[in-house]
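The file target.cif contains mmCIF, C-alpha atoms:
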data_my_file
loop_
_atom_site.label_atom_id
_atom_site.label_comp_id
_atom_site.auth_asym_id
_atom_site.auth_seq_id
_atom_site.Cartn_x
_atom_site.Cartn_y
_atom_site.Cartn_z
CA MET U 100 0.00 0.00 0.00
CA SER U 101 2.88 2.36 0.72
CA THR U 102 4.26 1.77 -2.77
CA PHE U 103 0.87 2.62 -4.28
CA LEU U 104 0.61 5.84 -2.27
CA ALA U 105 4.18 6.80 -3.16
CA VAL U 106 3.52 6.21 -6.85
CA ALA U 107 0.12 7.99 -6.77
CA THR U 108 1.58 11.08 -5.10
CA GLY U 109 4.86 11.14 -7.03
CA LEU U 110 5.64 12.90 -10.26
CA PRO U 111 4.16 12.76 -12.90
CA THR U 112 1.17 10.83 -11.52
CA ILE U 113 0.26 13.53 -8.98
CA LEU U 114 -1.09 15.69 -11.82
CA LEU U 115 -3.44 12.93 -12.92
CA THR U 116 -4.34 12.14 -9.31
CA ALA U 117 -5.48 15.73 -8.87
CA ALA U 118 -7.53 15.52 -12.07
CA LEU U 119 -9.06 12.24 -10.87
CA VAL U 120 -10.05 13.86 -7.56
CA VAL U 121 -11.84 16.61 -9.51
CA VAL U 122 -13.62 14.00 -11.65
CA VAL U 123 -14.73 12.01 -8.59
CA CYS U 124 -16.00 15.17 -6.88
CA PHE U 125 -17.95 16.11 -10.01
CA TRP U 126 -19.59 12.67 -10.20
CA LEU U 127 -20.46 12.84 -6.50
CA LEU U 128 -22.14 16.19 -7.14
CA ALA U 129 -23.91 14.71 -10.16
CA ALA U 130 -25.12 11.77 -8.06
CA ALA U 131 -26.44 14.20 -5.42
CA GLY U 132 -28.31 16.13 -8.11
CA VAL U 133 -26.33 19.34 -7.72
CA ALA U 134 -24.60 19.09 -11.12
CA ASP U 135 -25.94 17.82 -14.42
CA VAL U 136 -24.02 15.36 -16.59
CA ASP U 137 -24.43 17.69 -19.58
CA SER U 138 -23.46 20.83 -17.65
CA PHE U 139 -20.09 21.10 -19.44
CA ASP U 140 -21.39 20.09 -22.85
CA MET U 141 -19.68 22.59 -25.13
CA ASP U 142 -19.13 22.59 -28.87
CA VAL U 143 -16.42 19.97 -28.72
CA ASP U 144 -15.99 17.63 -31.65
CA LEU U 145 -15.16 14.23 -30.16
CA GLY U 146 -15.65 12.47 -33.48
CA ALA U 147 -11.90 12.23 -34.02
CA TRP U 148 -11.71 9.96 -30.96
CA ARG U 149 -14.86 8.08 -32.03
CA MET U 150 -16.83 9.55 -29.14
CA GLY U 151 -19.28 11.56 -31.22
CA GLY U 152 -22.42 11.01 -29.13
CA VAL U 153 -20.73 10.88 -25.73
CA PRO U 154 -21.06 13.87 -23.35
CA VAL U 155 -17.84 15.78 -22.70
CA THR U 156 -17.96 14.99 -18.97
CA VAL U 157 -18.12 11.24 -19.59
CA ALA U 158 -15.33 11.35 -22.19
CA PHE U 159 -13.09 13.45 -19.93
CA SER U 160 -13.78 11.17 -16.98
CA LEU U 161 -12.94 8.01 -18.91
CA LEU U 162 -9.79 9.48 -20.44
CA THR U 163 -8.63 10.76 -17.05
CA LEU U 164 -9.20 7.37 -15.44
CA LEU U 165 -7.39 5.59 -18.28
CA ALA U 166 -4.41 7.98 -18.14
CA TRP U 167 -4.22 7.69 -14.34
CA ASN U 168 -4.23 3.87 -14.50
CA LEU U 169 -1.54 3.85 -17.18
CA SER U 170 0.58 6.30 -15.20
CA ILE U 171 0.25 4.28 -11.98
CA GLY U 172 1.16 1.08 -13.81
CA ALA U 173 4.13 2.60 -15.61
CA ALA U 174 5.50 4.27 -12.48
CA ALA U 175 5.11 1.06 -10.44
CA LEU U 176 6.80 -0.94 -13.20
CA LEU U 177 9.67 1.54 -13.37
CA ASP U 178 9.99 1.33 -9.60
CA VAL U 179 10.26 -2.47 -9.71
CA VAL U 180 12.80 -2.64 -12.54
CA ALA U 181 14.69 0.51 -11.57
CA LEU U 182 18.39 0.50 -12.24
CA ARG U 183 20.75 1.23 -9.40
CA GLY U 184 23.85 3.40 -9.50
CA THR U 185 25.12 6.08 -11.86
CA VAL U 186 23.09 4.97 -14.88
CA ALA U 187 19.89 5.22 -12.84
CA GLY U 188 20.81 8.74 -11.75
CA MET U 189 21.31 9.82 -15.35
CA LEU U 190 18.05 8.22 -16.45
CA ARG U 191 16.13 9.92 -13.64
CA LEU U 192 17.18 13.26 -15.08
CA VAL U 193 15.54 12.34 -18.39
CA VAL U 194 12.66 10.06 -17.31
CA PRO U 195 11.24 10.95 -13.87
CA SER U 196 9.52 8.06 -12.08
CA GLY U 197 7.07 7.98 -9.19
CA ARG U 198 9.67 7.86 -6.45
CA CYS U 199 13.39 7.46 -6.00
CA SER U 200 14.25 3.85 -5.24
CA SER U 201 17.93 4.22 -4.51
CA PRO U 202 19.49 6.62 -2.05
CA GLY U 203 21.18 9.71 -3.34
CA PRO U 204 24.90 10.44 -3.24
CA ARG U 205 26.50 9.88 0.12
CA PRO U 206 28.61 12.59 1.74
CA VAL U 207 32.32 11.87 1.94
#
Give the structure from the file, written as structure tokens.
Amino acid sequence: MSTFLAVATGLPTILLTAALVVVVCFWLLAAAGVADVDSFDMDVDLGAWRMGGVPVTVAFSLLTLLAWNLSIGAAALLDVVALRGTVAGMLRLVVPSGRCSSPGPRPV
């Protein structure tokens, strides 16, 4: 559970976690009757993603959930197969993962 929380609150997943919290709050408001499912229905053409008849709120919710799941899975996978040592330090500069698995440089 601690690995999941570390991955969910680490970069870059924290951005999608915040978006998922907004989506969940919106659907709780929609379930309570405060918000309407079509309240954000703007002139958005979702036909390019083959979501032509789907409300914008549903499409955004599904895409956010999918992106969050992929980000959690990728960050957890990177955490499991993380390289140790100098190569890992160089890769972390280019590809940030959910959390740092190995300790940083030690003082002399």
**Test item: residues at most 8 Å from stretch 156-171 of chain U, all atoms listed in the file, excluding those fewer than 6 positions along its chain, as a list in words** =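 Using all atoms listed in the file, the neighbours found are Phe103, Val106, Ala107, Pro111, Thr112, Leu115, Thr116, Ala118, Leu119, Val122, Val136, Asp137, Phe139, Asp140 and Met150 of chain U.
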Centre and edges of the stretch 151-166 of chain U box, axis-aligned, 3 Å extra per side, as JSON:
{"center_x": -13.4, "center_y": 10.7, "center_z": -23.3, "size_x": 24.0, "size_y": 16.2, "size_z": 21.8}
**Request:** Work out how far atom CA of U:Ala105 is from atom CA of U:Trp126, in Å to one decimal.
**Result:** 25.5 Å
**Asked** Suppose you want the space between atom CA of U:Leu104 and atom CA of U:Ala131; what is it in Å?
**Response**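 Calculated distance between atom CA of U:Leu104 and atom CA of U:Ala131 is 28.5 Å.
In this model, the gap between atom CA of U:Val180 and atom CA of U:Met100 comes to 18.1 Å.
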**Message:** Using all atoms listed in the file, can you tell me which of U:Val133, U:Val155, U:Gly172, U:Leu128 comes closest to U:Thr102?
**Reply:**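 For U:Thr102, the nearest of the given residues is U:Gly172.
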Would you mind putting back N, CA, C and O atoms on stretch 162-178 of chain U, then writing it out as a compact mmCIF listing (two decimals), in the frame of the given file?
# COMPACT_ATOMS: atom_id res chain seq x y z
N LEU U 162 -11.17 9.25 -20.03
CA LEU U 162 -9.79 9.48 -20.44
C LEU U 162 -8.89 9.78 -19.25
O LEU U 162 -7.74 9.34 -19.21
N THR U 163 -9.41 10.49 -18.26
CA THR U 163 -8.63 10.76 -17.05
C THR U 163 -8.36 9.48 -16.29
O THR U 163 -7.23 9.23 -15.83
N LEU U 164 -9.37 8.63 -16.15
CA LEU U 164 -9.20 7.37 -15.44
C LEU U 164 -8.22 6.45 -16.18
O LEU U 164 -7.36 5.83 -15.55
N LEU U 165 -8.31 6.41 -17.49
CA LEU U 165 -7.39 5.59 -18.28
C LEU U 165 -5.95 6.10 -18.15
O LEU U 165 -5.02 5.32 -17.92
N ALA U 166 -5.76 7.41 -18.26
CA ALA U 166 -4.41 7.98 -18.14
C ALA U 166 -3.84 7.76 -16.75
O ALA U 166 -2.65 7.46 -16.60
N TRP U 167 -4.69 7.89 -15.71
CA TRP U 167 -4.22 7.69 -14.34
C TRP U 167 -3.79 6.24 -14.14
O TRP U 167 -2.75 5.97 -13.54
N ASN U 168 -4.59 5.29 -14.62
CA ASN U 168 -4.23 3.87 -14.50
C ASN U 168 -2.94 3.55 -15.23
O ASN U 168 -2.09 2.82 -14.71
N LEU U 169 -2.77 4.08 -16.43
CA LEU U 169 -1.54 3.85 -17.18
C LEU U 169 -0.33 4.47 -16.47
O LEU U 169 0.75 3.88 -16.43
N SER U 170 -0.51 5.63 -15.90
CA SER U 170 0.58 6.30 -15.20
C SER U 170 0.96 5.54 -13.93
O SER U 170 2.15 5.39 -13.64
N ILE U 171 -0.03 5.07 -13.18
CA ILE U 171 0.25 4.28 -11.98
C ILE U 171 1.00 3.01 -12.36
O ILE U 171 1.99 2.63 -11.72
N GLY U 172 0.52 2.32 -13.39
CA GLY U 172 1.16 1.08 -13.81
C GLY U 172 2.57 1.29 -14.29
O GLY U 172 3.48 0.53 -13.94
N ALA U 173 2.79 2.33 -15.09
CA ALA U 173 4.13 2.60 -15.61
C ALA U 173 5.08 3.01 -14.50
O ALA U 173 6.24 2.56 -14.46
N ALA U 174 4.62 3.84 -13.58
CA ALA U 174 5.50 4.27 -12.48
C ALA U 174 5.83 3.10 -11.55
O ALA U 174 6.97 2.97 -11.09
N ALA U 175 4.85 2.23 -11.29
CA ALA U 175 5.11 1.06 -10.44
C ALA U 175 6.07 0.10 -11.14
O ALA U 175 6.96 -0.46 -10.51
N LEU U 176 5.90 -0.07 -12.45
CA LEU U 176 6.80 -0.94 -13.20
C LEU U 176 8.21 -0.38 -13.21
O LEU U 176 9.19 -1.12 -13.03
N LEU U 177 8.35 0.91 -13.42
CA LEU U 177 9.67 1.54 -13.37
C LEU U 177 10.30 1.42 -11.99
O LEU U 177 11.52 1.29 -11.86
N ASP U 178 9.47 1.45 -10.95
CA ASP U 178 9.99 1.33 -9.60
C ASP U 178 10.52 -0.09 -9.34
O ASP U 178 11.52 -0.27 -8.66
